[in-house]
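A.B. asks: Dropping in final24.cif, which is mmCIF, C-alpha atoms:
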```
data_input
#
loop_
_atom_site.label_atom_id
_atom_site.label_comp_id
_atom_site.auth_asym_id
_atom_site.auth_seq_id
_atom_site.Cartn_x
_atom_site.Cartn_y
_atom_site.Cartn_z
CA MET A 1136 -12.80 -75.74 -72.54
CA GLN A 1137 -13.47 -78.48 -70.05
CA MET A 1138 -17.04 -77.86 -68.94
CA LYS A 1139 -20.04 -76.39 -70.71
CA LYS A 1140 -20.15 -72.62 -70.33
CA GLN A 1141 -23.42 -70.72 -70.04
CA MET A 1142 -23.84 -67.67 -72.26
CA THR A 1143 -25.32 -64.60 -70.59
CA ARG A 1144 -27.86 -62.60 -72.56
CA HIS A 1145 -25.27 -59.88 -73.11
CA ALA A 1146 -22.70 -62.39 -74.41
CA TRP A 1147 -25.29 -63.93 -76.72
CA ASP A 1148 -26.19 -60.50 -78.13
CA ARG A 1149 -22.50 -59.69 -78.73
CA TRP A 1150 -21.98 -63.07 -80.43
CA LEU A 1151 -24.87 -62.45 -82.80
CA GLU A 1152 -23.66 -58.92 -83.45
CA ARG A 1153 -20.04 -59.83 -84.21
CA PHE A 1154 -19.70 -63.53 -85.12
CA ASP A 1155 -23.13 -64.80 -86.20
CA GLU A 1156 -21.73 -66.58 -89.29
CA PHE A 1157 -19.72 -69.03 -87.12
CA ASP A 1158 -20.97 -72.02 -85.10
CA LEU A 1159 -20.98 -70.97 -81.44
CA ASP A 1160 -20.65 -74.47 -79.96
CA ALA A 1161 -17.71 -75.39 -82.21
CA GLU A 1162 -15.89 -72.10 -81.55
CA LEU A 1163 -16.47 -72.30 -77.80
CA ALA A 1164 -15.21 -75.90 -77.72
CA ALA A 1165 -12.06 -74.99 -79.68
CA ALA A 1166 -11.26 -71.84 -77.67
CA ILE A 1167 -7.98 -71.70 -75.76
CA PRO A 1168 -6.95 -69.59 -72.72
CA TRP A 1169 -5.61 -66.24 -73.88
CA GLY A 1170 -4.62 -63.22 -71.81
CA GLY A 1171 -6.46 -62.00 -68.77
CA GLN A 1172 -8.94 -59.43 -67.60
CA LYS A 1173 -9.58 -57.42 -64.48
CA HIS A 1174 -11.34 -59.01 -61.52
CA GLY A 1175 -10.09 -62.53 -62.25
CA ASP A 1176 -12.06 -63.08 -65.45
CA GLU A 1177 -10.47 -65.33 -68.06
CA SER A 1178 -10.13 -64.69 -71.78
CA TRP A 1179 -10.59 -67.55 -74.24
CA LEU A 1180 -9.57 -67.07 -77.88
CA ALA A 1181 -11.62 -68.93 -80.49
CA PRO A 1182 -10.29 -69.81 -83.98
CA CYS A 1183 -12.70 -67.33 -85.59
CA GLY A 1184 -11.09 -64.43 -83.66
CA ALA A 1185 -13.77 -64.16 -80.98
CA VAL A 1186 -12.57 -63.65 -77.43
CA PHE A 1187 -14.90 -65.05 -74.77
CA ILE A 1188 -14.67 -63.30 -71.39
CA VAL A 1189 -15.43 -66.06 -68.90
CA SER A 1190 -16.26 -65.67 -65.24
CA GLY A 1191 -16.72 -69.01 -63.48
CA SER A 1192 -19.03 -71.05 -65.70
CA ASN A 1193 -20.54 -68.01 -67.45
CA VAL A 1194 -19.45 -66.33 -70.67
CA ARG A 1195 -20.00 -62.68 -69.74
CA THR A 1196 -19.27 -61.08 -73.11
CA VAL A 1197 -17.75 -61.75 -76.51
CA LEU A 1198 -15.15 -59.35 -77.88
CA THR A 1199 -13.22 -59.15 -81.10
CA ARG A 1200 -9.52 -59.86 -80.78
CA THR A 1201 -8.77 -56.15 -81.33
CA GLN A 1202 -11.16 -55.10 -78.57
CA ALA A 1203 -9.65 -57.61 -76.14
CA LEU A 1204 -6.11 -56.43 -76.91
CA ALA A 1205 -7.12 -52.80 -76.35
CA ASN A 1206 -8.73 -53.78 -73.04
CA MET A 1207 -5.57 -55.59 -71.89
CA GLN A 1208 -3.36 -52.66 -72.95
CA GLN A 1209 -5.52 -50.26 -70.96
CA PHE A 1210 -5.21 -52.55 -67.93
CA VAL A 1211 -1.40 -52.60 -68.29
CA ARG A 1212 -1.20 -48.80 -68.64
CA GLY A 1213 -3.27 -48.45 -65.48
CA ALA A 1214 -1.01 -50.88 -63.64
CA ILE A 1215 2.09 -48.95 -64.74
CA LEU A 1216 0.57 -45.70 -63.51
CA ASP A 1217 -0.38 -47.31 -60.19
CA ASP A 1218 3.19 -48.53 -59.65
CA LEU A 1219 4.93 -45.23 -60.43
CA PRO A 1220 5.54 -42.83 -57.58
CA ILE A 1221 3.89 -39.59 -58.57
CA ALA A 1222 5.30 -36.44 -57.09
CA VAL A 1223 2.52 -34.07 -56.19
CA VAL A 1224 3.53 -30.71 -57.60
CA PRO A 1225 1.54 -27.78 -56.26
CA ARG A 1226 -0.11 -25.99 -59.14
CA PRO A 1227 -0.17 -22.22 -59.22
CA VAL A 1228 -3.59 -20.80 -58.50
CA ASP A 1229 -5.01 -18.91 -61.46
CA GLU A 1230 -6.21 -15.53 -60.20
CA SER A 1231 -8.94 -15.36 -62.84
CA VAL A 1232 -10.59 -18.48 -61.40
CA GLU A 1233 -11.05 -16.84 -58.01
CA MET A 1234 -12.89 -13.92 -59.64
CA GLU A 1235 -15.89 -16.01 -60.71
CA PRO A 1236 -19.26 -14.36 -61.17
CA ALA A 1237 -21.57 -14.35 -58.13
CA GLU A 1238 -24.37 -16.18 -59.98
CA GLU A 1239 -22.17 -19.26 -60.47
CA GLU A 1240 -23.82 -21.97 -58.35
CA PHE A 1241 -20.73 -24.16 -58.05
CA SER A 1242 -16.99 -23.62 -57.85
CA GLU A 1243 -15.44 -24.60 -61.17
CA ALA A 1244 -11.94 -24.49 -59.65
CA ARG A 1245 -12.98 -26.89 -56.86
CA LEU A 1246 -14.59 -29.23 -59.39
CA LYS A 1247 -11.38 -29.26 -61.45
CA GLN A 1248 -9.34 -29.92 -58.30
CA ILE A 1249 -11.51 -32.92 -57.42
CA ALA A 1250 -11.19 -34.22 -60.99
CA THR A 1251 -7.38 -34.08 -60.87
CA GLU A 1252 -7.39 -35.89 -57.52
CA HIS A 1253 -9.68 -38.58 -58.95
CA ALA A 1254 -7.38 -39.04 -61.94
CA LEU A 1255 -4.80 -40.48 -59.54
CA LYS A 1256 -7.06 -43.00 -57.82
CA HIS A 1257 -10.52 -43.49 -59.41
CA SER A 1258 -12.25 -44.14 -62.67
CA TRP A 1259 -14.23 -41.05 -63.65
CA LYS A 1260 -17.36 -43.22 -63.87
CA SER A 1261 -16.92 -45.05 -60.54
CA LYS A 1262 -19.56 -44.95 -57.83
CA HIS A 1263 -16.94 -43.79 -55.34
CA ALA A 1264 -15.97 -40.80 -57.49
CA LYS A 1265 -19.62 -39.82 -57.97
CA ALA A 1266 -20.26 -40.15 -54.23
CA GLU A 1267 -17.32 -37.85 -53.47
CA LEU A 1268 -18.65 -35.34 -55.98
CA ARG A 1269 -22.06 -35.36 -54.31
CA GLU A 1270 -20.46 -34.96 -50.86
CA ALA A 1271 -18.62 -31.89 -52.16
CA GLY A 1272 -21.94 -30.42 -53.36
CA PHE A 1273 -21.72 -31.24 -57.06
CA ASP A 1274 -24.23 -33.04 -59.25
CA PRO A 1275 -22.55 -35.68 -61.49
CA ALA A 1276 -25.69 -35.73 -63.66
CA ASP A 1277 -25.53 -31.98 -64.45
CA PRO A 1278 -24.23 -31.71 -68.05
CA LYS A 1279 -22.17 -28.56 -67.45
CA GLN A 1280 -20.54 -29.90 -64.29
CA ARG A 1281 -19.97 -33.31 -65.87
CA GLU A 1282 -18.23 -31.70 -68.87
CA ILE A 1283 -15.94 -29.58 -66.67
CA TYR A 1284 -15.12 -32.58 -64.47
CA ARG A 1285 -14.52 -34.92 -67.44
CA ASP A 1286 -12.28 -32.43 -69.27
CA ALA A 1287 -10.15 -31.81 -66.17
CA TYR A 1288 -10.00 -35.54 -65.35
CA PHE A 1289 -8.78 -36.58 -68.81
CA ALA A 1290 -6.34 -33.67 -69.04
CA GLU A 1291 -4.74 -34.91 -65.83
CA ARG A 1292 -4.76 -38.56 -67.04
CA ARG A 1293 -3.03 -37.50 -70.29
CA ARG A 1294 -0.46 -35.59 -68.23
CA LEU A 1295 0.14 -38.63 -66.00
CA ILE A 1296 0.48 -41.02 -68.94
CA GLY A 1297 2.91 -38.63 -70.62
CA THR A 1298 4.94 -38.47 -67.40
CA ALA A 1299 4.90 -42.26 -67.05
CA THR A 1300 6.00 -42.89 -70.63
CA SER A 1301 8.79 -40.33 -70.41
CA LYS A 1302 10.19 -42.18 -67.35
CA ILE A 1303 10.39 -45.48 -69.21
CA ASN A 1304 13.74 -45.97 -70.96
CA CYS A 1305 12.93 -46.67 -74.61
CA SER A 1306 16.35 -46.89 -76.18
CA PRO A 1307 16.46 -48.61 -79.59
CA ILE A 1308 17.99 -52.09 -79.88
CA ARG A 1309 21.24 -52.07 -81.79
#
```
Could you express the structure from this file as structure tokens?
C.D. replies:
Amino acid sequence: MQMKKQMTRHAWDRWLERFDEFDLDAELAAAIPWGGQKHGDESWLAPCGAVFIVSGSNVRTVLTRTQALANMQQFVRGAILDDLPIAVVPRPVDESVEMEPAEEEFSEARLKQIATEHALKHSWKSKHAKAELREAGFDPADPKQREIYRDAYFAERRRLIGTATSKINCSPIR
């Protein structure tokens, strides 16, 4: 690495947690560019297996090689899903959902609908998704509502990933 990088407190804590037995300065000096991250951050692989996530002149965090690979794979899966045209198929309305008890203070069906819409365009933890939930009259901090939203969101993400992987031609090499 050409110039001295500054370790953030978080990166220092992760280094001590995962790679304390190695010399930080020597590993940082021997690190080479490796892969990439979201938002323009760089990944630097050290000989000990540490991956430094560098933003400008700051080391933001230190990952294991396995963690960094999983992070990059998740980024690639997201990019594949973003590039695929997704046909919006109208879902049949379940009659039992419309017959909710009167004491229910929020519409579970509407919450599930918002979650499936967010699965196409937002992270379930994003500020934008939480703001949309609040605008629709839901409380993202309510445990019951959060559980319903999260379950519907990830069910839709699993469905989308299954659709995306089935569209990719995976014929064996002969």
A.B. asks: Every residue with an atom at most 12 Å from (-20.5, -77.8, -78.9) (file coordinates; all atoms listed in the file) is what I'm after, so could you write them as an NGL selection string?
C.D. replies: :A and (1136-1141 or 1158-1166)
A.B. asks: Mind pulling up the distance from atom CA of Gly1170 of chain A to atom CA of Asn1193 of chain A?
C.D. replies: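 For atom CA of Asn1193 of chain A relative to atom CA of Gly1170 of chain A, the distance reads 17.2 Å.
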A.B. asks: Give me, please, the distance in Å between atom CA of Glu1267 of chain A and atom CA of Gln1208 of chain A, quoted to one decimal.
C.D. replies: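 Here the two named atoms are 28.2 Å from each other.
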A.B. asks: Leaving out Arg1281 of chain A and any residue of its chain fewer than 2 positions from it, which residues lie within 12 Å of it when counting all atoms listed in the file, given as JSON, numbers by chain?
C.D. replies: {"A": [1243, 1246, 1247, 1249, 1250, 1259, 1260, 1264, 1265, 1268, 1269, 1273, 1274, 1275, 1276, 1277, 1278, 1279, 1283, 1284, 1285, 1286, 1287, 1288]}
A.B. asks: For the structure provided, state which residues fall under the PyMOL selection byres ((chain A and resi 1185) around 9), and present them as a list in words.
C.D. replies: Trp1150, Arg1153, Phe1154, Glu1162, Ala1166, Trp1179, Leu1180, Ala1181, Pro1182, Cys1183, Gly1184, Val1186, Phe1187, Val1197, Leu1198, Thr1199 and Arg1200 of chain A
A.B. asks: Separation of atom CA of Gln1280 of chain A and atom CA of Ser1242 of chain A, in Å?
C.D. replies: 9.7 Å
